[in-house]
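The file final.txt contains compact mmCIF, C-alpha atoms:
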# COMPACT_ATOMS: atom_id res chain seq x y z
CA MET A 550 26.46 -10.84 20.58
CA ARG A 551 28.03 -13.06 17.91
CA LEU A 552 26.27 -14.43 14.84
CA ASP A 553 26.12 -17.96 16.27
CA GLU A 554 24.57 -16.65 19.49
CA LEU A 555 21.95 -14.77 17.50
CA THR A 556 20.91 -17.78 15.46
CA ALA A 557 20.57 -19.86 18.64
CA LYS A 558 17.75 -17.53 19.76
CA ILE A 559 15.50 -18.29 16.80
CA SER A 560 12.64 -20.69 17.41
CA GLN A 561 9.70 -21.88 15.34
CA PRO A 562 6.53 -19.73 15.14
CA SER A 563 3.41 -20.87 16.99
CA ASP A 564 1.31 -23.42 15.10
CA ASP A 565 -1.46 -22.91 17.65
CA ALA A 566 -1.68 -19.17 17.00
CA ARG A 567 -1.65 -19.81 13.25
CA LYS A 568 -4.55 -22.28 13.59
CA ARG A 569 -6.55 -19.85 15.73
CA ALA A 570 -6.03 -17.14 13.12
CA ARG A 571 -7.11 -19.53 10.36
CA ASP A 572 -10.19 -20.52 12.32
CA HIS A 573 -11.02 -16.86 12.85
CA TRP A 574 -10.64 -16.13 9.13
CA ASP A 575 -13.12 -18.96 8.47
CA SER A 576 -15.66 -17.25 10.74
CA ILE A 577 -15.54 -13.99 8.76
CA ALA A 578 -18.54 -13.42 6.46
CA LYS A 579 -16.87 -14.16 3.13
CA PRO A 580 -15.89 -17.21 1.09
CA ILE A 581 -13.14 -19.22 2.77
CA GLY A 582 -9.66 -18.30 1.61
CA SER A 583 -10.99 -15.58 -0.69
CA LEU A 584 -8.29 -13.05 0.29
CA GLY A 585 -5.60 -15.49 -0.78
CA VAL A 586 -2.08 -14.65 0.28
CA LEU A 587 -3.31 -11.81 2.53
CA GLU A 588 -5.06 -14.36 4.73
CA ASP A 589 -1.86 -16.39 4.74
CA ASP A 590 0.15 -13.33 5.77
CA ILE A 591 -2.15 -12.43 8.69
CA ALA A 592 -2.13 -16.04 9.90
CA GLN A 593 1.65 -16.12 9.60
CA ILE A 594 2.01 -12.89 11.57
CA ALA A 595 -0.17 -14.46 14.27
CA ALA A 596 2.18 -17.46 14.33
CA ILE A 597 5.22 -15.19 14.53
CA THR A 598 3.90 -13.15 17.45
CA GLY A 599 2.19 -16.10 19.15
CA SER A 600 -1.21 -14.38 19.26
CA ALA A 601 -4.23 -14.48 16.96
CA ARG A 602 -4.92 -10.85 17.98
CA VAL A 603 -2.80 -9.25 15.28
CA SER A 604 -1.66 -5.64 15.51
CA LEU A 605 0.44 -3.76 12.96
CA ALA A 606 0.02 -0.34 14.53
CA LYS A 607 3.70 0.56 14.77
CA ARG A 608 5.80 -0.09 11.69
CA ALA A 609 9.33 0.85 10.60
CA VAL A 610 11.04 0.92 7.23
CA VAL A 611 14.70 0.19 7.91
CA ALA A 612 16.86 1.50 5.06
CA PHE A 613 20.48 0.32 5.00
CA CYS A 614 22.61 2.69 2.91
CA ALA A 615 26.02 1.70 1.58
CA ASP A 616 28.39 2.24 -1.31
CA ASN A 617 29.84 -0.49 -3.49
CA GLY A 618 33.36 -0.37 -4.90
CA VAL A 619 32.25 -2.22 -8.02
CA VAL A 620 30.76 1.06 -9.28
CA ALA A 621 34.28 1.82 -10.52
CA GLU A 622 33.80 -0.89 -13.15
CA GLY A 623 31.13 1.07 -15.03
CA VAL A 624 28.21 -1.19 -14.06
CA THR A 625 25.81 1.60 -13.11
CA GLN A 626 24.09 4.50 -14.81
CA SER A 627 24.71 6.92 -11.93
CA GLY A 628 27.71 7.64 -9.75
CA GLN A 629 28.49 6.64 -6.17
CA GLU A 630 27.57 10.11 -4.89
CA VAL A 631 23.89 9.31 -5.43
CA THR A 632 23.90 6.93 -2.44
CA ALA A 633 24.72 9.80 -0.06
CA ALA A 634 22.29 12.14 -1.82
CA VAL A 635 19.34 9.76 -1.42
CA ALA A 636 20.33 8.95 2.18
CA ARG A 637 20.38 12.68 2.90
CA ASN A 638 16.89 13.03 1.44
CA MET A 639 15.72 10.11 3.56
CA ALA A 640 17.00 11.95 6.64
CA LEU A 641 15.07 15.03 5.50
CA ARG A 642 11.96 12.85 4.96
CA ARG A 643 11.61 13.74 1.29
CA SER A 644 12.87 10.67 -0.57
CA SER A 645 10.44 8.44 -2.47
CA VAL A 646 10.04 5.91 0.32
CA CYS A 647 9.46 8.66 2.90
CA VAL A 648 6.61 10.14 0.86
CA MET A 649 4.98 6.72 0.47
CA ALA A 650 5.66 5.66 4.07
CA LYS A 651 3.86 8.77 5.34
CA VAL A 652 0.72 7.61 3.55
CA ALA A 653 1.14 4.16 5.09
CA SER A 654 1.81 5.56 8.61
CA ALA A 655 5.28 4.02 8.74
CA ASP A 656 8.47 5.45 10.20
CA VAL A 657 11.59 5.47 8.01
CA VAL A 658 14.93 4.72 9.68
CA PRO A 659 17.86 5.46 7.34
CA VAL A 660 21.08 3.75 8.43
CA ASP A 661 24.64 4.49 7.27
CA ILE A 662 26.14 1.02 7.28
CA GLY A 663 28.70 1.75 4.58
CA ILE A 664 28.28 5.11 2.84
CA ALA A 665 31.54 6.48 1.44
CA THR A 666 31.00 9.88 3.09
CA PRO A 667 29.14 10.65 6.36
CA VAL A 668 25.59 11.99 5.99
CA GLU A 669 24.05 14.20 8.65
CA GLY A 670 20.78 12.95 10.14
CA VAL A 671 21.35 9.31 9.19
CA LEU A 672 21.85 6.72 11.94
CA ASP A 673 25.59 6.05 12.06
CA ARG A 674 26.38 2.34 12.07
CA ASN A 675 29.17 2.53 9.49
CA VAL A 676 31.28 -0.62 9.18
CA MET A 677 33.52 0.68 6.39
CA ARG A 678 33.42 3.60 3.95
CA GLY A 679 32.15 1.53 1.06
CA THR A 680 33.23 -1.94 -0.02
CA HIS A 681 36.24 -2.74 -2.17
CA ASP A 682 35.86 -3.34 -5.90
CA LEU A 683 34.84 -7.01 -6.10
CA ALA A 684 36.29 -7.23 -9.61
CA ARG A 685 39.75 -6.80 -8.03
CA GLY A 686 39.32 -8.88 -4.88
CA ALA A 687 36.92 -9.60 -2.04
CA ALA A 688 34.40 -6.81 -1.41
CA MET A 689 35.10 -7.01 2.32
CA SER A 690 36.58 -9.32 4.92
CA ARG A 691 34.51 -12.00 6.58
CA GLU A 692 34.81 -10.11 9.86
CA GLN A 693 33.40 -6.95 8.26
CA ALA A 694 30.54 -8.90 6.71
CA GLU A 695 29.65 -10.45 10.05
CA ARG A 696 29.86 -7.06 11.78
CA ALA A 697 27.42 -5.63 9.23
CA VAL A 698 25.03 -8.54 9.74
CA MET A 699 25.11 -7.91 13.48
CA VAL A 700 24.38 -4.19 12.90
CA GLY A 701 21.12 -5.23 11.23
CA ALA A 702 20.29 -7.81 13.88
CA GLU A 703 20.93 -5.44 16.77
CA LEU A 704 18.84 -2.75 15.12
CA ALA A 705 15.98 -5.24 14.74
CA GLY A 706 16.23 -5.99 18.45
CA SER A 707 16.26 -2.30 19.36
CA LEU A 708 13.17 -1.60 17.24
CA ALA A 709 11.39 -4.62 18.70
CA HIS A 710 12.20 -3.31 22.18
CA ASP A 711 10.71 0.05 21.14
CA GLY A 712 7.42 -1.65 20.34
CA TYR A 713 7.50 -1.93 16.56
CA ASP A 714 5.09 -4.60 15.35
CA ILE A 715 6.55 -5.07 11.87
CA LEU A 716 9.84 -4.22 10.13
CA LEU A 717 10.19 -3.46 6.43
CA CYS A 718 13.39 -4.05 4.48
CA ALA A 719 14.85 -1.14 2.52
CA GLU A 720 18.21 -0.24 1.01
CA MET A 721 20.04 2.43 -0.89
CA GLY A 722 23.33 1.69 -2.58
CA ILE A 723 24.37 2.44 -6.13
CA GLY A 724 25.68 -0.82 -7.60
CA ASN A 725 23.70 -3.14 -5.35
CA THR A 726 21.89 -5.01 -8.13
CA THR A 727 25.38 -6.04 -9.29
CA THR A 728 26.31 -7.39 -5.87
CA SER A 729 22.89 -9.04 -5.51
CA SER A 730 23.16 -10.75 -8.88
CA ALA A 731 26.65 -11.96 -7.99
CA ILE A 732 25.39 -13.54 -4.75
CA VAL A 733 22.49 -15.23 -6.57
CA SER A 734 24.87 -16.58 -9.18
CA VAL A 735 26.98 -18.15 -6.42
CA LEU A 736 24.26 -19.44 -4.07
CA LEU A 737 21.88 -20.74 -6.75
CA GLY A 738 24.53 -21.90 -9.20
CA ALA A 739 23.09 -19.79 -12.03
CA GLY A 740 25.02 -18.11 -14.81
CA PRO A 741 25.53 -14.34 -14.44
CA GLU A 742 23.75 -13.73 -17.74
CA GLU A 743 20.66 -15.47 -16.32
CA VAL A 744 20.46 -13.49 -13.08
CA THR A 745 21.67 -10.03 -14.09
CA GLY A 746 19.32 -7.20 -15.04
CA ARG A 747 19.52 -3.58 -16.05
CA GLY A 748 19.24 -2.17 -12.53
CA ALA A 749 18.29 1.50 -12.73
CA GLY A 750 18.33 1.48 -16.52
CA LEU A 751 21.51 0.21 -18.19
CA THR A 752 21.89 0.15 -21.96
CA ASP A 753 22.55 -3.14 -23.77
CA ALA A 754 26.27 -2.39 -23.65
CA GLY A 755 26.03 -1.55 -19.95
CA LEU A 756 24.24 -4.82 -19.25
CA ARG A 757 26.93 -6.80 -21.09
CA ARG A 758 29.59 -5.05 -19.04
CA LYS A 759 27.74 -5.83 -15.82
CA VAL A 760 27.55 -9.54 -16.71
CA GLU A 761 31.28 -9.56 -17.57
CA VAL A 762 32.21 -7.95 -14.26
CA ILE A 763 30.13 -10.42 -12.23
CA SER A 764 31.59 -13.39 -14.13
CA HIS A 765 35.12 -12.13 -13.56
CA ALA A 766 34.52 -11.35 -9.86
CA VAL A 767 33.05 -14.77 -9.10
CA ALA A 768 35.94 -16.51 -10.87
CA LEU A 769 38.52 -14.29 -9.15
CA THR A 770 37.24 -14.48 -5.57
CA ALA A 771 35.85 -18.05 -5.75
CA PRO A 772 33.09 -17.73 -3.12
CA ASP A 773 32.03 -20.98 -1.45
CA PRO A 774 28.40 -21.71 -2.48
CA ASP A 775 27.95 -23.72 0.70
CA ASP A 776 29.07 -20.81 2.90
CA PRO A 777 26.63 -17.87 2.56
CA VAL A 778 28.78 -15.54 4.68
CA ASP A 779 31.75 -16.21 2.43
CA ALA A 780 29.65 -15.32 -0.63
CA LEU A 781 28.35 -12.19 1.11
CA ALA A 782 31.87 -11.06 2.00
CA LYS A 783 33.47 -11.72 -1.36
CA VAL A 784 30.86 -10.45 -3.82
CA GLY A 785 28.16 -8.82 -1.66
CA GLY A 786 27.56 -5.45 -0.09
CA LEU A 787 27.17 -3.88 3.33
CA ASP A 788 23.54 -2.93 2.67
CA ILE A 789 22.75 -6.56 1.87
CA ALA A 790 24.58 -7.66 5.02
CA GLY A 791 22.52 -5.26 7.13
CA LEU A 792 19.34 -6.68 5.64
CA VAL A 793 20.54 -10.22 6.37
CA GLY A 794 20.86 -9.16 9.99
CA LEU A 795 17.43 -7.55 9.99
CA CYS A 796 15.93 -10.85 8.80
CA LEU A 797 17.76 -12.84 11.46
CA GLY A 798 17.14 -10.25 14.19
CA GLY A 799 13.45 -10.02 13.39
CA ALA A 800 13.20 -13.80 13.73
CA ALA A 801 15.14 -13.78 17.01
CA HIS A 802 12.76 -11.18 18.46
CA ARG A 803 9.58 -12.65 16.90
CA VAL A 804 8.83 -9.63 14.71
CA PRO A 805 7.66 -10.13 11.10
CA VAL A 806 10.02 -8.78 8.44
CA VAL A 807 8.59 -7.63 5.09
CA LEU A 808 10.92 -8.04 2.15
CA ASP A 809 11.07 -5.43 -0.56
CA GLY A 810 12.34 -6.33 -4.03
CA PHE A 811 15.34 -8.10 -5.51
CA VAL A 812 18.08 -6.84 -3.16
CA SER A 813 16.21 -7.65 0.04
CA MET A 814 15.10 -11.03 -1.30
CA VAL A 815 18.75 -11.83 -1.98
CA ALA A 816 19.52 -10.81 1.60
CA ALA A 817 16.71 -13.12 2.73
CA LEU A 818 18.28 -15.94 0.70
CA VAL A 819 21.57 -15.42 2.53
CA ALA A 820 19.79 -15.29 5.90
CA VAL A 821 17.88 -18.50 5.20
CA ARG A 822 21.06 -20.23 4.06
CA ILE A 823 22.68 -19.16 7.34
CA LEU A 824 19.69 -20.38 9.36
CA PRO A 825 16.63 -21.94 7.66
CA ALA A 826 14.58 -21.39 10.84
CA CYS A 827 14.31 -17.67 10.04
CA ARG A 828 12.33 -18.31 6.83
CA PRO A 829 8.83 -18.32 8.48
CA TYR A 830 9.45 -14.80 9.80
CA LEU A 831 9.79 -13.34 6.30
CA ILE A 832 6.88 -11.91 4.30
CA ALA A 833 7.11 -11.09 0.60
CA SER A 834 5.68 -7.86 -0.78
CA HIS A 835 6.29 -7.69 -4.53
CA LEU A 836 8.09 -9.36 -7.39
CA SER A 837 10.73 -7.00 -8.75
CA ALA A 838 11.31 -6.39 -12.45
CA GLU A 839 14.86 -7.75 -12.06
CA PRO A 840 15.12 -11.03 -14.04
CA ALA A 841 16.31 -13.17 -11.12
CA SER A 842 13.50 -12.12 -8.78
CA GLN A 843 11.29 -15.10 -9.56
CA LEU A 844 14.26 -17.44 -9.23
CA VAL A 845 15.01 -16.15 -5.73
CA ALA A 846 11.33 -16.08 -4.71
CA SER A 847 11.00 -19.72 -5.77
CA ALA A 848 14.14 -20.69 -3.89
CA LEU A 849 12.62 -19.12 -0.77
CA ASP A 850 9.16 -20.58 -1.47
CA LEU A 851 7.66 -17.07 -1.40
CA ASP A 852 4.57 -15.86 -3.26
CA PRO A 853 4.74 -12.04 -3.49
CA PRO A 854 1.18 -10.66 -3.82
CA ILE A 855 2.17 -7.52 -5.80
CA ARG A 856 3.20 -8.05 -9.43
CA GLY A 857 3.45 -4.52 -10.76
CA GLY A 858 6.90 -4.38 -12.35
CA LEU A 859 8.18 -2.19 -9.49
CA ARG A 860 11.91 -1.42 -9.47
CA LEU A 861 12.33 1.78 -7.47
CA GLY A 862 13.93 0.22 -4.38
CA GLU A 863 14.27 2.13 -1.10
CA GLY A 864 11.65 -0.19 0.42
CA THR A 865 8.84 1.30 -1.67
CA GLY A 866 7.44 -2.08 -2.71
CA ALA A 867 7.36 -3.26 0.90
CA VAL A 868 5.49 -0.10 1.88
CA CYS A 869 2.90 -0.86 -0.82
CA LEU A 870 1.99 -4.03 1.06
CA LEU A 871 1.04 -2.19 4.28
CA PRO A 872 -2.33 -0.77 3.08
CA MET A 873 -3.22 -4.23 1.79
CA LEU A 874 -2.43 -5.77 5.17
CA ASP A 875 -4.38 -2.98 6.89
CA MET A 876 -7.46 -3.71 4.77
CA ALA A 877 -7.09 -7.44 5.39
CA LEU A 878 -6.86 -6.77 9.14
CA ALA A 879 -9.97 -4.57 9.02
CA LEU A 880 -11.87 -7.50 7.56
CA TYR A 881 -10.21 -9.96 9.94
CA ASN A 882 -11.54 -7.85 12.83
CA GLY A 883 -14.89 -7.31 11.11
CA THR A 884 -18.24 -8.98 10.50
CA THR A 885 -18.59 -12.69 11.20
CA PHE A 886 -21.15 -15.16 9.90
CA ALA A 887 -22.61 -15.31 13.41
CA THR A 888 -23.59 -11.62 13.29
CA THR A 889 -25.01 -11.66 9.76
CA GLY A 890 -27.39 -14.59 9.98
CA ILE A 891 -25.74 -16.12 6.92
CA ASP A 892 -24.77 -19.80 7.00
CA ALA A 893 -21.00 -20.16 7.26
CA TYR A 894 -18.95 -21.68 4.49
CA GLU A 895 -17.20 -24.92 5.35
CA ARG A 896 -13.57 -25.60 4.55
CA ASP A 897 -13.07 -28.56 2.22
CA LEU A 898 -10.95 -30.99 4.21
CA SER A 899 -11.00 -33.78 1.59
Now that the file is in, can you turn its structure into structure tokens?
Amino acid sequence: MRLDELTAKISQPSDDARKRARDHWDSIAKPIGSLGVLEDDIAQIAAITGSARVSLAKRAVVAFCADNGVVAEGVTQSGQEVTAAVARNMALRRSSVCVMAKVASADVVPVDIGIATPVEGVLDRNVMRGTHDLARGAAMSREQAERAVMVGAELAGSLAHDGYDILLCAEMGIGNTTTSSAIVSVLLGAGPEEVTGRGAGLTDAGLRRKVEVISHAVALTAPDPDDPVDALAKVGGLDIAGLVGLCLGGAAHRVPVVLDGFVSMVAALVAVRILPACRPYLIASHLSAEPASQLVASALDLDPPIRGGLRLGEGTGAVCLLPMLDMALALYNGTTFATTGIDAYERDLS
């Protein structure tokens, strides 16, 4: 399937299912709207699936792992070899996200979409052995970027076919806050100094270098701000491309996709620029500590419920949302005003 064929499959969520979910929330014995964004999320999931009977029993954290050539420019605290090391630990179910996902009853699916060296136990969907250094030219070709997007989309379809009710975005790629900041700078027309953060812990000098590299790369490769795939190919990464595909594929197969932090929200921005119709299928989890996170969330009209300064990555922030959704669902399926003898609240329609 080609990218244009994938986007043609995406339709609008069900307004009727959303209304039925809202009406059901109003029948639950509590003040109307008192769970805030969690009520919104459950109603949105109902709209996505087309049923007010919401189930999140089977969930997958999809972790796209890839290396970024820009690491050669000294923009990271750790070396490229860490990508493979963390991917290997994901395969062994002992990385940070695996430990947290076990608590949340979620499966972790690590995917090699662009690791520089093969890693045993990781799903092999490698498009290229790491991107090129974007400070010296385009990170990848347009064809490679589109192939990586389709890897994510096809994986979303496969997981939907296997009965997964919800997909969580995750990534592992040393240097990917640099590529993410570069994409934001292009697509939102913001200066690199405004959208670039310290990633995994850069010094002041390291941060200045990172901003310089992004400024140079954007000027050198001249991505088209009106062409999100061009921006993705020239200054992005394969992990981001895989996440773009997961967002689009989730929408095509009517499965909700939970975004993690900054990197996955940037991927969501690219996906929405490719096809705005995928936006209702995306659910925010947390607002990352990266400085451009709020800028991207606002551009996507997202209101992440978790504001804890999280910056671990690997999908850990997305996993944190699952217990909150589980508790909201327990209440959604719980005691109604009719069974308590308490007069129901009325929604203010004025």
Within 8 Å of Leu716 in chain A, counting only C-alpha atoms, which residues show up once you throw out same-chain ones fewer than 2 positions away? Write them as a ChimeraX atom specification, please.
/A:608-611,705,713-714,718,799,804-807
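Closest to Asp773 in chain A among A:Pro829, A:Leu737, A:Glu761, A:His802 is A:Leu737, based on all atoms listed in the file.
Shortest atom-to-atom contact with Val646 in chain A among A:Met689, A:Ala782, A:Leu831, A:Met721: A:Met721, counting all atoms listed in the file.
With only C-alpha atoms as the atoms that count, the minimum distance from Glu695 in chain A to the choices A:Val658, A:Leu792, A:Val821, A:Val767 is reached by A:Leu792.
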Pairwise distance, CA of Asp776 in chain A with CA of Ser690 in chain A, equals 13.9 Å
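Straight-line separation from CA of Pro562 in chain A to CA of Leu871 in chain A: 21.3 Å.
Comparing the minimum interatomic distances between Val668 in chain A and each of A:Ala754, A:Val631, A:Ala694, A:Leu880, counting only C-alpha atoms, we find that A:Val631 sits nearest.
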Thr666 in chain A proximity check over A:Gln626, A:Asn638, A:Ser834, A:Thr632, using only C-alpha atoms: winner is A:Thr632
Would you fill out range 738-767 of chain A with N, CA and C atoms and return it as a PDB file, keeping the file's coordinate frame?
ATOM      1  N   GLY A 738      23.825 -21.215  -8.123  1.00  0.00           N
ATOM      2  CA  GLY A 738      24.530 -21.900  -9.200  1.00  0.00           C
ATOM      3  C   GLY A 738      24.036 -21.517 -10.586  1.00  0.00           C
ATOM      4  N   ALA A 739      23.620 -20.269 -10.750  1.00  0.00           N
ATOM      5  CA  ALA A 739      23.090 -19.790 -12.030  1.00  0.00           C
ATOM      6  C   ALA A 739      24.125 -18.931 -12.732  1.00  0.00           C
ATOM      7  N   GLY A 740      24.089 -18.921 -14.058  1.00  0.00           N
ATOM      8  CA  GLY A 740      25.020 -18.110 -14.810  1.00  0.00           C
ATOM      9  C   GLY A 740      24.730 -16.628 -14.649  1.00  0.00           C
ATOM     10  N   PRO A 741      25.746 -15.783 -14.593  1.00  0.00           N
ATOM     11  CA  PRO A 741      25.530 -14.340 -14.440  1.00  0.00           C
ATOM     12  C   PRO A 741      24.594 -13.752 -15.484  1.00  0.00           C
ATOM     13  N   GLU A 742      24.627 -14.249 -16.707  1.00  0.00           N
ATOM     14  CA  GLU A 742      23.750 -13.730 -17.740  1.00  0.00           C
ATOM     15  C   GLU A 742      22.283 -14.036 -17.453  1.00  0.00           C
ATOM     16  N   GLU A 743      22.030 -15.074 -16.664  1.00  0.00           N
ATOM     17  CA  GLU A 743      20.660 -15.470 -16.320  1.00  0.00           C
ATOM     18  C   GLU A 743      20.091 -14.624 -15.185  1.00  0.00           C
ATOM     19  N   VAL A 744      20.946 -14.137 -14.300  1.00  0.00           N
ATOM     20  CA  VAL A 744      20.460 -13.490 -13.080  1.00  0.00           C
ATOM     21  C   VAL A 744      20.752 -11.996 -13.024  1.00  0.00           C
ATOM     22  N   THR A 745      21.268 -11.443 -14.091  1.00  0.00           N
ATOM     23  CA  THR A 745      21.670 -10.030 -14.090  1.00  0.00           C
ATOM     24  C   THR A 745      20.710  -9.199 -14.929  1.00  0.00           C
ATOM     25  N   GLY A 746      20.239  -8.095 -14.345  1.00  0.00           N
ATOM     26  CA  GLY A 746      19.320  -7.200 -15.040  1.00  0.00           C
ATOM     27  C   GLY A 746      19.911  -5.820 -15.236  1.00  0.00           C
ATOM     28  N   ARG A 747      19.064  -4.918 -15.685  1.00  0.00           N
ATOM     29  CA  ARG A 747      19.520  -3.580 -16.050  1.00  0.00           C
ATOM     30  C   ARG A 747      19.574  -2.607 -14.878  1.00  0.00           C
ATOM     31  N   GLY A 748      19.190  -3.056 -13.686  1.00  0.00           N
ATOM     32  CA  GLY A 748      19.240  -2.170 -12.530  1.00  0.00           C
ATOM     33  C   GLY A 748      18.410  -0.930 -12.752  1.00  0.00           C
ATOM     34  N   ALA A 749      19.020   0.241 -12.590  1.00  0.00           N
ATOM     35  CA  ALA A 749      18.290   1.500 -12.730  1.00  0.00           C
ATOM     36  C   ALA A 749      18.166   1.970 -14.176  1.00  0.00           C
ATOM     37  N   GLY A 750      18.549   1.114 -15.134  1.00  0.00           N
ATOM     38  CA  GLY A 750      18.330   1.480 -16.520  1.00  0.00           C
ATOM     39  C   GLY A 750      19.547   1.426 -17.417  1.00  0.00           C
ATOM     40  N   LEU A 751      20.316   0.344 -17.356  1.00  0.00           N
ATOM     41  CA  LEU A 751      21.510   0.210 -18.190  1.00  0.00           C
ATOM     42  C   LEU A 751      21.143  -0.005 -19.658  1.00  0.00           C
ATOM     43  N   THR A 752      22.010   0.444 -20.537  1.00  0.00           N
ATOM     44  CA  THR A 752      21.890   0.150 -21.960  1.00  0.00           C
ATOM     45  C   THR A 752      22.285  -1.308 -22.205  1.00  0.00           C
ATOM     46  N   ASP A 753      22.127  -1.782 -23.436  1.00  0.00           N
ATOM     47  CA  ASP A 753      22.550  -3.140 -23.770  1.00  0.00           C
ATOM     48  C   ASP A 753      24.045  -3.327 -23.502  1.00  0.00           C
ATOM     49  N   ALA A 754      24.821  -2.314 -23.882  1.00  0.00           N
ATOM     50  CA  ALA A 754      26.270  -2.390 -23.650  1.00  0.00           C
ATOM     51  C   ALA A 754      26.579  -2.397 -22.152  1.00  0.00           C
ATOM     52  N   GLY A 755      25.844  -1.595 -21.396  1.00  0.00           N
ATOM     53  CA  GLY A 755      26.030  -1.550 -19.950  1.00  0.00           C
ATOM     54  C   GLY A 755      25.685  -2.878 -19.301  1.00  0.00           C
ATOM     55  N   LEU A 756      24.631  -3.523 -19.784  1.00  0.00           N
ATOM     56  CA  LEU A 756      24.240  -4.820 -19.250  1.00  0.00           C
ATOM     57  C   LEU A 756      25.315  -5.871 -19.540  1.00  0.00           C
ATOM     58  N   ARG A 757      25.857  -5.836 -20.754  1.00  0.00           N
ATOM     59  CA  ARG A 757      26.930  -6.800 -21.090  1.00  0.00           C
ATOM     60  C   ARG A 757      28.139  -6.587 -20.179  1.00  0.00           C
ATOM     61  N   ARG A 758      28.472  -5.340 -19.919  1.00  0.00           N
ATOM     62  CA  ARG A 758      29.590  -5.050 -19.040  1.00  0.00           C
ATOM     63  C   ARG A 758      29.325  -5.567 -17.620  1.00  0.00           C
ATOM     64  N   LYS A 759      28.121  -5.376 -17.162  1.00  0.00           N
ATOM     65  CA  LYS A 759      27.740  -5.830 -15.820  1.00  0.00           C
ATOM     66  C   LYS A 759      27.892  -7.350 -15.698  1.00  0.00           C
ATOM     67  N   VAL A 760      27.427  -8.072 -16.714  1.00  0.00           N
ATOM     68  CA  VAL A 760      27.550  -9.540 -16.710  1.00  0.00           C
ATOM     69  C   VAL A 760      29.029  -9.944 -16.711  1.00  0.00           C
ATOM     70  N   GLU A 761      29.839  -9.262 -17.512  1.00  0.00           N
ATOM     71  CA  GLU A 761      31.280  -9.560 -17.570  1.00  0.00           C
ATOM     72  C   GLU A 761      31.950  -9.352 -16.215  1.00  0.00           C
ATOM     73  N   VAL A 762      31.598  -8.268 -15.560  1.00  0.00           N
ATOM     74  CA  VAL A 762      32.210  -7.950 -14.260  1.00  0.00           C
ATOM     75  C   VAL A 762      31.830  -9.007 -13.226  1.00  0.00           C
ATOM     76  N   ILE A 763      30.564  -9.399 -13.196  1.00  0.00           N
ATOM     77  CA  ILE A 763      30.130 -10.420 -12.230  1.00  0.00           C
ATOM     78  C   ILE A 763      30.833 -11.742 -12.510  1.00  0.00           C
ATOM     79  N   SER A 764      30.912 -12.144 -13.779  1.00  0.00           N
ATOM     80  CA  SER A 764      31.590 -13.390 -14.130  1.00  0.00           C
ATOM     81  C   SER A 764      33.046 -13.372 -13.686  1.00  0.00           C
ATOM     82  N   HIS A 765      33.710 -12.266 -13.951  1.00  0.00           N
ATOM     83  CA  HIS A 765      35.120 -12.130 -13.560  1.00  0.00           C
ATOM     84  C   HIS A 765      35.275 -12.163 -12.043  1.00  0.00           C
ATOM     85  N   ALA A 766      34.405 -11.439 -11.323  1.00  0.00           N
ATOM     86  CA  ALA A 766      34.520 -11.350  -9.860  1.00  0.00           C
ATOM     87  C   ALA A 766      34.304 -12.710  -9.206  1.00  0.00           C
ATOM     88  N   VAL A 767      33.318 -13.449  -9.686  1.00  0.00           N
ATOM     89  CA  VAL A 767      33.050 -14.770  -9.100  1.00  0.00           C
ATOM     90  C   VAL A 767      34.227 -15.708  -9.361  1.00  0.00           C
TER      91      VAL A 767
END
